[in-house]
Each structure stands twice: as C-alpha cells, then as structure tokens.
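Below: one structure, written as structure tokens.
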Amino acid sequence: MSEWQQFRLGDICTVYDGPHATPKKTNAGPIFLGIFNLANGRLDFSKIAHLSDEDFIQWTRRITPQAGDIVFSYETRIGEAAIIPPGLRCCLGRRMGLLRLDRTKVDPKFMLYAYLGPEFQATLHSRTIHGSTVDRLSINELPSYPIRLPPLPTQRRIAEILGRLDDKIEVNQRINRTLEQMAQALYKHWFVDFGPFQDGAFVESEVGLIPAGWSVKPIGEVCNLTMGLSPKSKFYNEDGEGLPFHQGVTDFGDRFPIHRRFCVVSPRVAETGDILISVRAPVGRINIADRKMVIGRGLAALSHKQGYNSFLLYQLKRIFAIEDSMGSGTIFRAISKKDLQGLKLISPPDSVVSDFDRRVSVYDRRITSSTIESRQLAATRDYLLPKLLSGAVDVSGSILDEDEFVGQGELAG
C-alpha cells in the first residue's frame, strides 16, 4: 500500500457530460447509450436504442465515446459505470457522463473496478446531491473527487484477476442470449408463422388466422395470476429475515431478480418458477422467480395452470416485446389486473404445447444454470474487489487462483 498514491479524478482523466436531450429513436444506426444500459459494471444491450447518422453527428459534438472510456450515470443511478468496448459506435444519452483516461497513469479496466470499488463509491454517495425528484452528482465538481491508485503494473495485475471472472460471466451471458434467441425463434416458427402446421386447415380468430382445432383464451382462463401488494415499509429489512421482497424492476437481473431486500410479512407471494411481469413504470418487463418471494404493487406473477411455463414465458415475451406498449397513465404507464387477465393467448392442443415446452425447457435449464454460475462468479468478484483495491491481497507474487475464493464469495454475497 505504500506505493499507492491519492489523486484527484481530474489528474488522471477528463470528465465529459452528455447531451441534455434525447434524439428521435430509429430501428438501426449508432447506439444511443442510456442509463438503462448500465448494469453491474457492464453495458447491457438487452434493450437497445438507436439514432440516425445525422443525429449522431450532433449528439457527439461534445465527445464521441471510444474504446477504453468509462461511461457512468450522474443522475438517479448513482455509482453505475461501464467501459466502452472496441468497435462500439455510440453516443451518450441524458444523465450520462464519460471519463477519458490518461493511460500513462491509469489502466482503463482497473479504473472501472476502482470506480465500482467501495472506497470511490463511498465518495460518490457522500457527494450526492439529493433533490426533490432525483439524486445527482455535480459534473463540474467530479474532477476534484479523490481516488487512490497503485503503480500501473499493479493496476494491470488487479484488472487481470478481476477481468478473468468478468470474462467468464460475459461468456455465460453470450450463451444465454443465443439460447434465448433460439427459443424465441422456435416460438415464432411454431406459433406466429405456424411453420409445422401449414399443411392443415386454418380458421379465423380474434388474433387472426390460426390452425383449426386451436383456440384463443384470455390470460385469466389459462394462467394463475397474482397481483403484487406492497406491505408497509416497517416490515422491510436487509438482513435476510423473511422472504425476498421485490417492489418492481429495480432489482431485475438477467434471468432472476437480485435479492437485496426482504420482508417479514407475505401479503402477495410469487412461487418458485413463476413468471414476473412489471405492471407499472414500465409495463411489460419480464423476469422469473428463482424462489418464493413477496411481490409489491409494481409486479404481477403468472404461472400456466397446466405447468407449461416455458411456453407461457415466450408467449409473454412476444406480447410484451415493446415495453409500455400497453396500459395507461399520464406520468408513467400501468396495467390493471382486469386488463392483464383479458389479454388474449393462443391456446394450441396440449400435445403441441407439451412438445414445444419439452424442447424449449432444455434451453431454459441451461440459461438457469449459466445464470446461477454467473451470480456465483459475481459474488466472488465482489468479495475480491475491496480486498484487491485496499492492498489486502498481494498481487505481486504468483498467479492468484480466484477459484480459491468462490466459496467465500458466495457466503459474502
């Protein structure tokens, strides 16, 4: 630790602010980075916004993000940051800032971990301005924030150790995205294009032509539905007592919610394997309950009455492919229980649904397994991060085997 030195952020990088407006969205073109793309230290492209090449010129007048830059949120999602990968053509959105680093002083990957580390996070939160509507950081004051750095070789070694864990997580996420795309493609082939059933007769229905013998039913007839109800805040806690509690999409992960809060009363409960849908702000984001949990008024839980949850999952993903395309509201959209129950689902014969569910459940089990492994790896990374950034773990000697820390990381997480 004697080699670590304290700097001001402005000594090691230049801080840039993004535009204070939003361009017209397009279906293709450069990516418009929003704070919704920041997730646990990486860029999440599950929801992508694009802008035109003409608008891209205007939106990058101040700064064009390039590989190795650190992007961060300075409003609402204080503390979130990610690194720009090679080849990404993008611009900053509202509430987004950027750090362009002096690479003679700081390694980009290390800088990301330092930004996400407990010491600098504490600095960010101590400097947060709590407004009546949103919390924010002052971009003008950010260059004065203190940060401690070791020599470059030590920075690179720490980044290498933590990066191996993040690389494994990224591989798992790529596999999951591919499996999800395969499942959705199979659903579209069977139940949108009706590929395997083209030789049969078709009949008119409320949702258009469907194969003869199929029907259309409301969700309320096909599914068990539980609308969330938020208990009083005095029943919340963060020490693990009670059931996990989820108010809305704030803690939604890639496949399962991230459990940060718990509740000692259970007014409305989702069971393991239930499909979770956000019913307000926004309407239509989907996740899966990995255990029994309390759901607040921002969520609903659905399960197929005959157990075909994989079929139900991909049908709902198709229906809610565009967030906030349903519901009403002036400030934010919301959908009622009555409206949700009335949504129409295609209901093929049991033999067809069973066959599809059997095929796709293989993908779902693999996605679940990869997600659990990634959570364990993330817990290990989060366990090592403060130790490495405090100098408590010596990185100057032999190769550190991060697998030694997996069990401790899981316990710490």
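By order in the structure tokens, chains are A, B, ...; within a chain, residues start at 1; ligands start at 1, following the order shown.
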**OP:** With a distance cut-off of 8 Å and only C-alpha atoms, select the neighbouring residues of stretch 276-291 of chain A, excluding the residue or stretch itself and same-chain residues fewer than 6 positions from it, and output the selection as number ranges by chain.
**Re:** A: 248-249, 252-257, 270, 297-302, 317, 320-327, 332-336
**OP:** Based on DSSP run over this structure's backbone, return all residues of stretch 127-163 of chain A in strand (DSSP E or B), as an MDAnalysis selection string.
**Re:** chainID A and resid 129:130 135:136 146:149
**OP:** Write out as a count of residues only each polymer residue whose atoms come within 7 Å of stretch 203-218 of chain A, counting only C-alpha atoms; drop sequence neighbours fewer than 2 positions from it.
**Re:** 15
Original post:
Hey, which of A:Cys13, A:Ala28, A:Cys91, A:Leu186 ends up closest to A:Ile57? Count only C-alpha atoms.
Top reply: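 Answer, going by the shortest atom-to-atom distance: A:Cys91.
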Original post:
Please, what distance in Å, to one decimal, runs between atom CA of A:Leu43 and atom CA of A:Ile158?
Top reply: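 Going from atom CA of A:Leu43 over to atom CA of A:Ile158 covers 20.7 Å.
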**OP:** Enumerate, as a PyMOL selection string, the complete set of residues in stretch 171-384 of chain A that a backbone-based DSSP assignment places in alpha helix (DSSP H).
**Re:** chain A and resi 171-191+219-222+309-319+337-342+350-384
With the cut-off set at 7 Å and counting only C-alpha atoms, tabulate each residue of stretch 293-335 of chain A with an atom at most that distance from an atom of stretch 353-362 of chain A, showing the nearest atom pair and its distance in Å to one decimal, ordered by chain and increasing number, as a Markdown table.
```
| residue | atom | partner | partner_atom | distance |
| --- | --- | --- | --- | --- |
| A:Tyr308 | CA | A:Asp357 | CA | 6.2 |
| A:Ser310 | CA | A:Asp357 | CA | 5.6 |
| A:Phe311 | CA | A:Asp357 | CA | 5.6 |
```
Original post:
What gap, in Å, lies between atom CA of A:Asp107 and atom CA of A:Ser73?
Top reply: 20.4 Å
Original post:
For the atom pair atom CA of A:His304 and atom CA of A:Tyr187, what is the interatomic distance in Å to one decimal place?
Top reply: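 Spanning atom CA of A:His304 to atom CA of A:Tyr187 is a straight-line distance of 16.3 Å.
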Original post:
Looking at A:Val15, A:Leu389, A:Ser303, A:Arg8, which one is nearest to A:Asn140, with distances taken over only C-alpha atoms?
Top reply: A:Val15
